[in-house]
>>> print(open('start00.cif').read())   # mmCIF, C-alpha atoms
data_coords
#
loop_
_atom_site.label_atom_id
_atom_site.label_comp_id
_atom_site.auth_asym_id
_atom_site.auth_seq_id
_atom_site.Cartn_x
_atom_site.Cartn_y
_atom_site.Cartn_z
CA MET A 1 -94.90 32.00 -183.85
CA GLN A 2 -95.36 31.12 -180.20
CA PHE A 3 -94.93 27.39 -179.59
CA GLN A 4 -92.84 27.24 -182.79
CA ARG A 5 -89.87 25.38 -181.32
CA HIS A 6 -92.00 22.43 -180.28
CA LEU A 7 -94.43 22.35 -183.18
CA SER A 8 -92.74 19.41 -184.90
CA ASP A 9 -92.66 17.33 -181.70
CA PHE A 10 -96.27 18.17 -180.88
CA ALA A 11 -97.46 17.30 -184.41
CA ALA A 12 -95.51 14.02 -184.22
CA LEU A 13 -97.27 13.23 -180.93
CA LEU A 14 -100.66 13.84 -182.55
CA ALA A 15 -99.66 11.76 -185.59
CA LYS A 16 -98.76 8.77 -183.37
CA GLN A 17 -102.20 8.53 -181.77
CA THR A 18 -104.79 5.98 -182.80
CA TRP A 19 -107.77 8.27 -183.11
CA VAL A 20 -111.15 6.79 -182.19
CA TRP A 21 -113.83 8.99 -183.70
CA ASP A 22 -116.41 9.16 -180.94
CA CYS A 23 -116.41 11.54 -177.97
CA GLN A 24 -115.67 8.76 -175.46
CA GLY A 25 -112.72 7.52 -177.53
CA LEU A 26 -111.27 11.02 -177.87
CA ALA A 27 -111.72 11.63 -174.13
CA ALA A 28 -109.75 8.43 -173.42
CA THR A 29 -106.97 9.52 -175.80
CA PHE A 30 -106.77 12.95 -174.19
CA LEU A 31 -106.69 11.40 -170.70
CA SER A 32 -103.81 9.14 -171.77
CA LEU A 33 -101.93 12.25 -172.96
CA GLY A 34 -102.53 14.00 -169.63
CA TRP A 35 -104.93 16.57 -171.07
CA ASN A 36 -107.65 17.69 -168.66
CA LYS A 37 -111.22 18.39 -169.70
CA GLU A 38 -112.12 22.00 -168.91
CA GLN A 39 -115.64 22.44 -170.18
CA SER A 40 -118.42 21.34 -172.49
CA VAL A 41 -120.46 24.04 -174.21
CA GLY A 42 -122.95 23.07 -176.89
CA HIS A 43 -121.09 21.18 -179.60
CA ARG A 44 -117.62 21.85 -178.17
CA ASN A 45 -115.55 20.11 -175.51
CA SER A 46 -112.38 21.88 -174.35
CA TYR A 47 -109.27 20.21 -172.96
CA ARG A 48 -106.28 21.95 -171.37
CA ILE A 49 -102.99 20.68 -172.71
CA CYS A 50 -100.69 22.99 -170.76
CA GLU A 51 -100.90 26.42 -169.18
CA ASN A 52 -101.69 28.35 -172.37
CA LEU A 53 -102.74 25.65 -174.81
CA ARG A 54 -106.17 24.10 -175.32
CA ALA A 55 -107.70 21.54 -177.63
CA ASN A 56 -111.29 22.12 -178.71
CA VAL A 57 -113.26 19.14 -179.96
CA TYR A 58 -116.20 20.10 -182.17
CA HIS A 59 -118.84 17.41 -182.44
CA ASP A 60 -122.31 16.64 -183.73
CA ASP A 61 -123.97 14.56 -181.00
CA ASP A 62 -121.37 11.87 -180.22
CA VAL A 63 -119.57 12.18 -183.57
CA PRO A 64 -116.46 14.38 -183.41
CA ILE A 65 -116.03 16.59 -186.47
CA GLN A 66 -112.52 17.83 -185.68
CA ILE A 67 -110.04 18.82 -183.00
CA GLU A 68 -108.56 22.32 -183.15
CA ILE A 69 -105.47 23.47 -181.27
CA ASN A 70 -104.55 27.12 -181.73
CA VAL A 71 -100.80 27.52 -182.19
CA ALA A 72 -100.67 31.29 -182.83
CA VAL A 73 -103.37 33.94 -182.58
CA SER A 74 -103.03 37.62 -183.45
CA SER A 75 -104.56 40.25 -181.26
CA ASP A 76 -106.75 43.07 -182.50
CA PRO A 77 -105.85 43.21 -186.21
CA ASP A 78 -108.68 45.73 -186.66
CA LEU A 79 -106.67 48.26 -184.64
CA LEU A 80 -103.69 48.12 -187.01
CA GLU A 81 -102.85 50.65 -189.69
CA ASP A 82 -103.02 49.28 -193.26
CA LEU A 83 -99.26 48.71 -193.49
CA GLU A 84 -99.13 46.98 -190.09
CA TYR A 85 -102.09 44.82 -191.09
CA ALA A 86 -100.36 43.78 -194.33
CA GLU A 87 -97.19 42.97 -192.36
CA MET A 88 -99.15 40.81 -189.92
CA LYS A 89 -100.83 39.01 -192.81
CA ASN A 90 -97.43 38.27 -194.39
CA GLU A 91 -95.99 37.19 -191.02
CA PHE A 92 -98.76 34.63 -190.51
CA LYS A 93 -98.36 33.32 -194.07
CA THR A 94 -94.63 32.93 -193.44
CA ASP A 95 -95.30 31.21 -190.10
CA LEU A 96 -97.59 28.72 -191.86
CA LEU A 97 -94.78 27.87 -194.30
CA ILE A 98 -92.22 27.57 -191.49
CA GLY A 99 -94.61 25.42 -189.46
CA THR A 100 -95.20 23.17 -192.47
CA GLU A 101 -91.44 22.72 -192.88
CA GLN A 102 -91.03 21.93 -189.18
CA ILE A 103 -93.81 19.34 -189.15
CA SER A 104 -92.52 17.85 -192.42
CA SER A 105 -89.11 17.30 -190.82
CA GLY A 106 -90.78 15.07 -188.23
CA ILE A 107 -93.55 13.23 -190.07
CA GLY A 108 -92.80 13.66 -193.77
CA GLN A 109 -94.07 15.88 -196.56
CA PRO A 110 -97.73 16.89 -196.59
CA ALA A 111 -100.12 15.25 -199.03
CA PHE A 112 -101.50 18.73 -199.79
CA SER A 113 -100.47 22.36 -199.26
CA GLY A 114 -102.42 25.30 -200.61
CA GLY A 115 -105.54 27.41 -200.45
CA PRO A 116 -109.22 26.84 -201.21
CA ALA A 117 -108.75 27.50 -204.94
CA THR A 118 -106.12 24.73 -205.19
CA SER A 119 -107.25 21.35 -206.46
CA GLY A 120 -107.32 18.89 -203.57
CA PHE A 121 -108.29 21.38 -200.87
CA PRO A 122 -110.48 19.49 -198.34
CA ASP A 123 -114.16 20.33 -198.85
CA ASP A 124 -114.91 20.17 -195.13
CA GLN A 125 -112.32 22.77 -194.08
CA ASP A 126 -112.73 26.54 -193.85
CA ALA A 127 -109.21 27.97 -193.95
CA ASN A 128 -107.31 30.50 -196.01
CA ALA A 129 -104.50 27.99 -196.50
CA LEU A 130 -103.48 24.66 -195.03
CA SER A 131 -101.04 21.78 -195.18
CA LEU A 132 -102.46 18.27 -194.76
CA TRP A 133 -100.86 15.00 -193.72
CA ASN A 134 -102.87 11.77 -194.07
CA LEU A 135 -102.53 9.49 -191.06
CA PRO A 136 -103.85 5.92 -190.78
CA ASN A 137 -107.22 6.98 -189.33
CA ALA A 138 -107.08 10.78 -189.31
CA ARG A 139 -105.92 13.87 -191.15
CA LEU A 140 -103.51 16.26 -189.49
CA MET A 141 -103.60 19.82 -190.80
CA LEU A 142 -101.78 23.03 -190.08
CA GLN A 143 -104.18 25.83 -191.01
CA LEU A 144 -104.19 29.59 -191.37
CA THR A 145 -107.57 31.23 -190.92
CA HIS A 146 -108.56 34.87 -191.06
CA GLN A 147 -112.14 35.55 -192.03
CA ASP A 148 -112.41 39.31 -191.62
CA ARG A 149 -110.37 42.39 -190.69
CA GLU A 150 -112.09 42.46 -187.27
CA LEU A 151 -111.19 38.83 -186.52
CA PRO A 152 -107.77 37.48 -185.50
CA PHE A 153 -105.31 35.63 -187.68
CA ILE A 154 -105.09 32.07 -186.36
CA ILE A 155 -102.65 29.26 -187.06
CA CYS A 156 -103.99 26.00 -185.68
CA LEU A 157 -103.37 22.30 -185.78
CA VAL A 158 -106.46 20.36 -186.77
CA VAL A 159 -107.04 16.64 -186.42
CA ALA A 160 -110.08 15.33 -188.31
CA PRO A 161 -111.38 11.98 -189.51
CA ARG A 162 -110.15 10.85 -192.91
CA ASP A 163 -112.50 11.80 -195.72
CA ASP A 164 -111.81 8.84 -197.98
#
>>> encode(input="start00.cif", output="structure tokens")
Amino acid sequence: MQFQRHLSDFAALLAKQTWVWDCQGLAATFLSLGWNKEQSVGHRNSYRICENLRANVYHDDDVPIQIEINVAVSSDPDLLEDLEYAEMKNEFKTDLLIGTEQISSGIGQPAFSGGPATSGFPDDQDANALSLWNLPNARLMLQLTHQDRELPFIICLVVAPRDD
């Protein structure tokens, strides 16, 4: 997984933040981290973290729904032969497990790890599998998504308001 070496440190940085769940509060947090706003399109604000890493904030009016930071993205899985596709699927599942272990070494064990059929899976998330850490005023999640053969496999960090 690209970015893998620093995943634990990056997750720990996100876990340390005091998240304010309005667009102005998130913008102030991002500014304090040195992240630059790139664009606003509809219900999404994008911030550049470094050369090849962006945070997307999805919001409904001034209420942020979640922050997504892609950690690893496959390219063109629809062009792969069946065996190559299965290998890529297994590789991303393995990377999710490795990423969960790395983050756990820095911030502790997740409160939840599993897929949508597992009891405790967050109702507001649309992922194939995820690991979730509860923070004081947010949830940090490492997610694997892949909705269709024509769409990429994605491992992303998600920060969202607590749901309790």
>>> resolve_selection(input="start00.cif", expression="the PyMOL selection byres ((chain A and resi 78) around 9)", output="PyMOL selection string")
chain A and resi 75-77+79-81+85+148-152
>>> residues_around(input="start00.cif", residues="Gln109 of chain A", least_positions_apart="5", cutoff="9 Å", atoms="all atoms listed in the file", output="ChimeraX atom specification")
/A:100-101,103-104,132-133
>>> closest_residue(input="start00.cif", among="A:Ile98, A:Leu142, A:Ile69, A:Leu130", to="Ser46 of chain A", atoms="only C-alpha atoms")
A:Ile69
>>> residues_around(input="start00.cif", residues="Pro136 of chain A", least_positions_apart="5", cutoff="9 Å", atoms="all atoms listed in the file", output="list in words")
Ala15, Thr18, Trp19 and Arg162 of chain A
>>> write_last_selection(input="start00.cif", atoms="C-alpha atoms", output="mmCIF file, in the frame of the given file")
data_model
loop_
_atom_site.group_PDB
_atom_site.id
_atom_site.type_symbol
_atom_site.label_atom_id
_atom_site.label_comp_id
_atom_site.auth_asym_id
_atom_site.auth_seq_id
_atom_site.Cartn_x
_atom_site.Cartn_y
_atom_site.Cartn_z
ATOM 1 C CA ALA A 15 -99.660 11.760 -185.590
ATOM 2 C CA THR A 18 -104.790 5.980 -182.800
ATOM 3 C CA TRP A 19 -107.770 8.270 -183.110
ATOM 4 C CA ARG A 162 -110.150 10.850 -192.910
#
>>> atom_distance(input="start00.cif", atom1="atom CA of Phe10 of chain A", atom2="atom CA of Asp60 of chain A")
26.2 Å
>>> resolve_selection(input="start00.cif", expression="the PyMOL selection byres ((chain A and resi 68) around 7)", output="list in words")
Ala55, Asn56, Val57, Gln66, Ile67, Ile69, Asn70, Cys156, Leu157, Val158 and Val159 of chain A
>>> atom_distance(input="start00.cif", atom1="atom CA of Asn134 of chain A", atom2="atom CA of Pro110 of chain A")
7.7 Å
>>> atom_distance(input="start00.cif", atom1="atom CA of Ser40 of chain A", atom2="atom CA of Gly25 of chain A")
15.8 Å
>>> resolve_selection(input="start00.cif", expression="the PyMOL selection byres ((chain A and resi 125) around 10)", output="list in words")
Gln66, Pro116, Phe121, Pro122, Asp123, Asp124, Asp126, Ala127, Asn128, Ala129, Leu130, Met141, Gln143, Val158 and Ala160 of chain A
>>> closest_residue(input="start00.cif", among="A:Gly34, A:Ala11, A:Ile155, A:Arg139", to="Phe92 of chain A", atoms="only C-alpha atoms")
A:Ile155
>>> axis_aligned_box(input="start00.cif", around="segment 114-128 of chain A", padding_each_side="3 Å", output="lines of an AutoDock Vina configuration file")
center_x = -108.7
center_y = 24.7
center_z = -200.2
size_x = 18.5
size_y = 17.6
size_z = 18.6
>>> closest_residue(input="start00.cif", among="A:Asp61, A:Asp9, A:Asp82, A:Glu87", to="Ile107 of chain A", atoms="only C-alpha atoms")
A:Asp9
>>> residues_around(input="start00.cif", residues="Ala28 of chain A", least_positions_apart="5", cutoff="12 Å", atoms="only C-alpha atoms", output="PyMOL selection string")
chain A and resi 17-23+33-37+47
>>> closest_residue(input="start00.cif", among="A:Ser119, A:Gln147, A:Pro161, A:Ser105", to="Tyr58 of chain A", atoms="only C-alpha atoms")
A:Pro161
>>> closest_residue(input="start00.cif", among="A:Ala27, A:Ala12, A:Ala138, A:Leu97", to="Arg48 of chain A", atoms="all atoms listed in the file")
A:Ala27
>>> closest_residue(input="start00.cif", among="A:Lys93, A:His6, A:His146, A:His59", to="Gln24 of chain A", atoms="only C-alpha atoms")
A:His59
>>> decode(input="start00.cif", residues="segment 25-58 of chain A", atoms="N, CA, C and O atoms", output="PDB file, in the first residue's frame")
ATOM      1  N   GLY A  25     -14.998  25.303  11.255  1.00  0.00           N
ATOM      2  CA  GLY A  25     -14.136  24.642  12.232  1.00  0.00           C
ATOM      3  C   GLY A  25     -13.165  23.683  11.578  1.00  0.00           C
ATOM      4  O   GLY A  25     -11.982  23.623  11.950  1.00  0.00           O
ATOM      5  N   LEU A  26     -13.652  22.907  10.593  1.00  0.00           N
ATOM      6  CA  LEU A  26     -12.760  21.985   9.887  1.00  0.00           C
ATOM      7  C   LEU A  26     -11.714  22.749   9.086  1.00  0.00           C
ATOM      8  O   LEU A  26     -10.543  22.362   9.055  1.00  0.00           O
ATOM      9  N   ALA A  27     -12.131  23.851   8.448  1.00  0.00           N
ATOM     10  CA  ALA A  27     -11.184  24.659   7.678  1.00  0.00           C
ATOM     11  C   ALA A  27     -10.075  25.178   8.589  1.00  0.00           C
ATOM     12  O   ALA A  27      -8.895  25.173   8.212  1.00  0.00           O
ATOM     13  N   ALA A  28     -10.427  25.601   9.799  1.00  0.00           N
ATOM     14  CA  ALA A  28      -9.418  26.086  10.754  1.00  0.00           C
ATOM     15  C   ALA A  28      -8.470  24.956  11.165  1.00  0.00           C
ATOM     16  O   ALA A  28      -7.254  25.165  11.264  1.00  0.00           O
ATOM     17  N   THR A  29      -9.008  23.764  11.393  1.00  0.00           N
ATOM     18  CA  THR A  29      -8.157  22.617  11.738  1.00  0.00           C
ATOM     19  C   THR A  29      -7.211  22.304  10.596  1.00  0.00           C
ATOM     20  O   THR A  29      -6.005  22.100  10.807  1.00  0.00           O
ATOM     21  N   PHE A  30      -7.717  22.267   9.377  1.00  0.00           N
ATOM     22  CA  PHE A  30      -6.870  21.962   8.227  1.00  0.00           C
ATOM     23  C   PHE A  30      -5.782  23.013   8.055  1.00  0.00           C
ATOM     24  O   PHE A  30      -4.629  22.682   7.772  1.00  0.00           O
ATOM     25  N   LEU A  31      -6.134  24.292   8.238  1.00  0.00           N
ATOM     26  CA  LEU A  31      -5.148  25.365   8.134  1.00  0.00           C
ATOM     27  C   LEU A  31      -4.043  25.174   9.174  1.00  0.00           C
ATOM     28  O   LEU A  31      -2.857  25.325   8.872  1.00  0.00           O
ATOM     29  N   SER A  32      -4.431  24.801  10.397  1.00  0.00           N
ATOM     30  CA  SER A  32      -3.433  24.595  11.459  1.00  0.00           C
ATOM     31  C   SER A  32      -2.503  23.420  11.148  1.00  0.00           C
ATOM     32  O   SER A  32      -1.378  23.369  11.628  1.00  0.00           O
ATOM     33  N   LEU A  33      -2.982  22.476  10.337  1.00  0.00           N
ATOM     34  CA  LEU A  33      -2.163  21.327   9.934  1.00  0.00           C
ATOM     35  C   LEU A  33      -1.332  21.616   8.677  1.00  0.00           C
ATOM     36  O   LEU A  33      -0.547  20.771   8.245  1.00  0.00           O
ATOM     37  N   GLY A  34      -1.545  22.799   8.087  1.00  0.00           N
ATOM     38  CA  GLY A  34      -0.816  23.157   6.875  1.00  0.00           C
ATOM     39  C   GLY A  34      -1.430  22.610   5.607  1.00  0.00           C
ATOM     40  O   GLY A  34      -0.769  22.540   4.570  1.00  0.00           O
ATOM     41  N   TRP A  35      -2.702  22.216   5.663  1.00  0.00           N
ATOM     42  CA  TRP A  35      -3.380  21.690   4.485  1.00  0.00           C
ATOM     43  C   TRP A  35      -4.021  22.859   3.742  1.00  0.00           C
ATOM     44  O   TRP A  35      -4.683  23.703   4.347  1.00  0.00           O
ATOM     45  N   ASN A  36      -3.869  22.908   2.450  1.00  0.00           N
ATOM     46  CA  ASN A  36      -4.376  24.009   1.638  1.00  0.00           C
ATOM     47  C   ASN A  36      -5.664  23.631   0.928  1.00  0.00           C
ATOM     48  O   ASN A  36      -5.736  22.568   0.308  1.00  0.00           O
ATOM     49  N   LYS A  37      -6.649  24.523   0.984  1.00  0.00           N
ATOM     50  CA  LYS A  37      -7.903  24.273   0.285  1.00  0.00           C
ATOM     51  C   LYS A  37      -7.663  24.382  -1.214  1.00  0.00           C
ATOM     52  O   LYS A  37      -7.060  25.343  -1.678  1.00  0.00           O
ATOM     53  N   GLU A  38      -8.118  23.368  -1.953  1.00  0.00           N
ATOM     54  CA  GLU A  38      -7.945  23.348  -3.404  1.00  0.00           C
ATOM     55  C   GLU A  38      -9.210  23.790  -4.126  1.00  0.00           C
ATOM     56  O   GLU A  38      -9.145  24.575  -5.049  1.00  0.00           O
ATOM     57  N   GLN A  39     -10.339  23.232  -3.709  1.00  0.00           N
ATOM     58  CA  GLN A  39     -11.569  23.561  -4.424  1.00  0.00           C
ATOM     59  C   GLN A  39     -12.799  23.215  -3.609  1.00  0.00           C
ATOM     60  O   GLN A  39     -12.734  22.428  -2.671  1.00  0.00           O
ATOM     61  N   SER A  40     -13.898  23.829  -3.998  1.00  0.00           N
ATOM     62  CA  SER A  40     -15.220  23.496  -3.470  1.00  0.00           C
ATOM     63  C   SER A  40     -16.109  23.190  -4.654  1.00  0.00           C
ATOM     64  O   SER A  40     -16.237  24.014  -5.568  1.00  0.00           O
ATOM     65  N   VAL A  41     -16.696  22.010  -4.660  1.00  0.00           N
ATOM     66  CA  VAL A  41     -17.606  21.605  -5.727  1.00  0.00           C
ATOM     67  C   VAL A  41     -18.817  20.977  -5.066  1.00  0.00           C
ATOM     68  O   VAL A  41     -18.701  19.948  -4.398  1.00  0.00           O
ATOM     69  N   GLY A  42     -19.965  21.616  -5.217  1.00  0.00           N
ATOM     70  CA  GLY A  42     -21.190  21.079  -4.628  1.00  0.00           C
ATOM     71  C   GLY A  42     -21.057  20.875  -3.136  1.00  0.00           C
ATOM     72  O   GLY A  42     -20.777  21.800  -2.382  1.00  0.00           O
ATOM     73  N   HIS A  43     -21.218  19.633  -2.718  1.00  0.00           N
ATOM     74  CA  HIS A  43     -21.156  19.280  -1.294  1.00  0.00           C
ATOM     75  C   HIS A  43     -19.803  18.677  -0.908  1.00  0.00           C
ATOM     76  O   HIS A  43     -19.735  17.830  -0.029  1.00  0.00           O
ATOM     77  N   ARG A  44     -18.728  19.154  -1.584  1.00  0.00           N
ATOM     78  CA  ARG A  44     -17.393  18.627  -1.295  1.00  0.00           C
ATOM     79  C   ARG A  44     -16.368  19.754  -1.326  1.00  0.00           C
ATOM     80  O   ARG A  44     -16.313  20.529  -2.267  1.00  0.00           O
ATOM     81  N   ASN A  45     -15.575  19.825  -0.270  1.00  0.00           N
ATOM     82  CA  ASN A  45     -14.418  20.717  -0.218  1.00  0.00           C
ATOM     83  C   ASN A  45     -13.175  19.835  -0.222  1.00  0.00           C
ATOM     84  O   ASN A  45     -13.107  18.865   0.532  1.00  0.00           O
ATOM     85  N   SER A  46     -12.186  20.193  -1.054  1.00  0.00           N
ATOM     86  CA  SER A  46     -10.961  19.404  -1.146  1.00  0.00           C
ATOM     87  C   SER A  46      -9.787  20.200  -0.609  1.00  0.00           C
ATOM     88  O   SER A  46      -9.651  21.389  -0.889  1.00  0.00           O
ATOM     89  N   TYR A  47      -8.937  19.501   0.157  1.00  0.00           N
ATOM     90  CA  TYR A  47      -7.734  20.090   0.730  1.00  0.00           C
ATOM     91  C   TYR A  47      -6.540  19.247   0.314  1.00  0.00           C
ATOM     92  O   TYR A  47      -6.603  18.015   0.342  1.00  0.00           O
ATOM     93  N   ARG A  48      -5.443  19.914  -0.061  1.00  0.00           N
ATOM     94  CA  ARG A  48      -4.217  19.195  -0.407  1.00  0.00           C
ATOM     95  C   ARG A  48      -3.383  19.065   0.863  1.00  0.00           C
ATOM     96  O   ARG A  48      -3.103  20.035   1.542  1.00  0.00           O
ATOM     97  N   ILE A  49      -3.005  17.829   1.143  1.00  0.00           N
ATOM     98  CA  ILE A  49      -2.204  17.539   2.323  1.00  0.00           C
ATOM     99  C   ILE A  49      -0.727  17.561   1.947  1.00  0.00           C
ATOM    100  O   ILE A  49       0.092  18.160   2.615  1.00  0.00           O
ATOM    101  N   CYS A  50      -0.389  16.877   0.880  1.00  0.00           N
ATOM    102  CA  CYS A  50       0.963  16.882   0.326  1.00  0.00           C
ATOM    103  C   CYS A  50       0.813  16.652  -1.168  1.00  0.00           C
ATOM    104  O   CYS A  50      -0.298  16.641  -1.684  1.00  0.00           O
ATOM    105  N   GLU A  51       1.915  16.430  -1.845  1.00  0.00           N
ATOM    106  CA  GLU A  51       1.893  16.371  -3.302  1.00  0.00           C
ATOM    107  C   GLU A  51       0.825  15.427  -3.868  1.00  0.00           C
ATOM    108  O   GLU A  51       0.116  15.768  -4.800  1.00  0.00           O
ATOM    109  N   ASN A  52       0.690  14.242  -3.313  1.00  0.00           N
ATOM    110  CA  ASN A  52      -0.245  13.272  -3.892  1.00  0.00           C
ATOM    111  C   ASN A  52      -1.316  12.812  -2.910  1.00  0.00           C
ATOM    112  O   ASN A  52      -1.839  11.714  -3.044  1.00  0.00           O
ATOM    113  N   LEU A  53      -1.642  13.652  -1.944  1.00  0.00           N
ATOM    114  CA  LEU A  53      -2.625  13.255  -0.946  1.00  0.00           C
ATOM    115  C   LEU A  53      -3.601  14.399  -0.696  1.00  0.00           C
ATOM    116  O   LEU A  53      -3.193  15.538  -0.471  1.00  0.00           O
ATOM    117  N   ARG A  54      -4.905  14.052  -0.760  1.00  0.00           N
ATOM    118  CA  ARG A  54      -5.958  15.048  -0.560  1.00  0.00           C
ATOM    119  C   ARG A  54      -6.964  14.556   0.469  1.00  0.00           C
ATOM    120  O   ARG A  54      -7.206  13.365   0.590  1.00  0.00           O
ATOM    121  N   ALA A  55      -7.552  15.525   1.152  1.00  0.00           N
ATOM    122  CA  ALA A  55      -8.672  15.249   2.052  1.00  0.00           C
ATOM    123  C   ALA A  55      -9.914  15.845   1.407  1.00  0.00           C
ATOM    124  O   ALA A  55      -9.898  17.004   0.980  1.00  0.00           O
ATOM    125  N   ASN A  56     -10.962  15.068   1.313  1.00  0.00           N
ATOM    126  CA  ASN A  56     -12.242  15.556   0.808  1.00  0.00           C
ATOM    127  C   ASN A  56     -13.223  15.605   1.960  1.00  0.00           C
ATOM    128  O   ASN A  56     -13.428  14.604   2.646  1.00  0.00           O
ATOM    129  N   VAL A  57     -13.810  16.779   2.160  1.00  0.00           N
ATOM    130  CA  VAL A  57     -14.827  16.955   3.190  1.00  0.00           C
ATOM    131  C   VAL A  57     -16.177  16.974   2.491  1.00  0.00           C
ATOM    132  O   VAL A  57     -16.438  17.832   1.654  1.00  0.00           O
ATOM    133  N   TYR A  58     -17.026  16.011   2.843  1.00  0.00           N
ATOM    134  CA  TYR A  58     -18.382  15.960   2.306  1.00  0.00           C
ATOM    135  C   TYR A  58     -19.299  16.575   3.341  1.00  0.00           C
ATOM    136  O   TYR A  58     -19.198  16.274   4.533  1.00  0.00           O
TER     137      TYR A  58
END
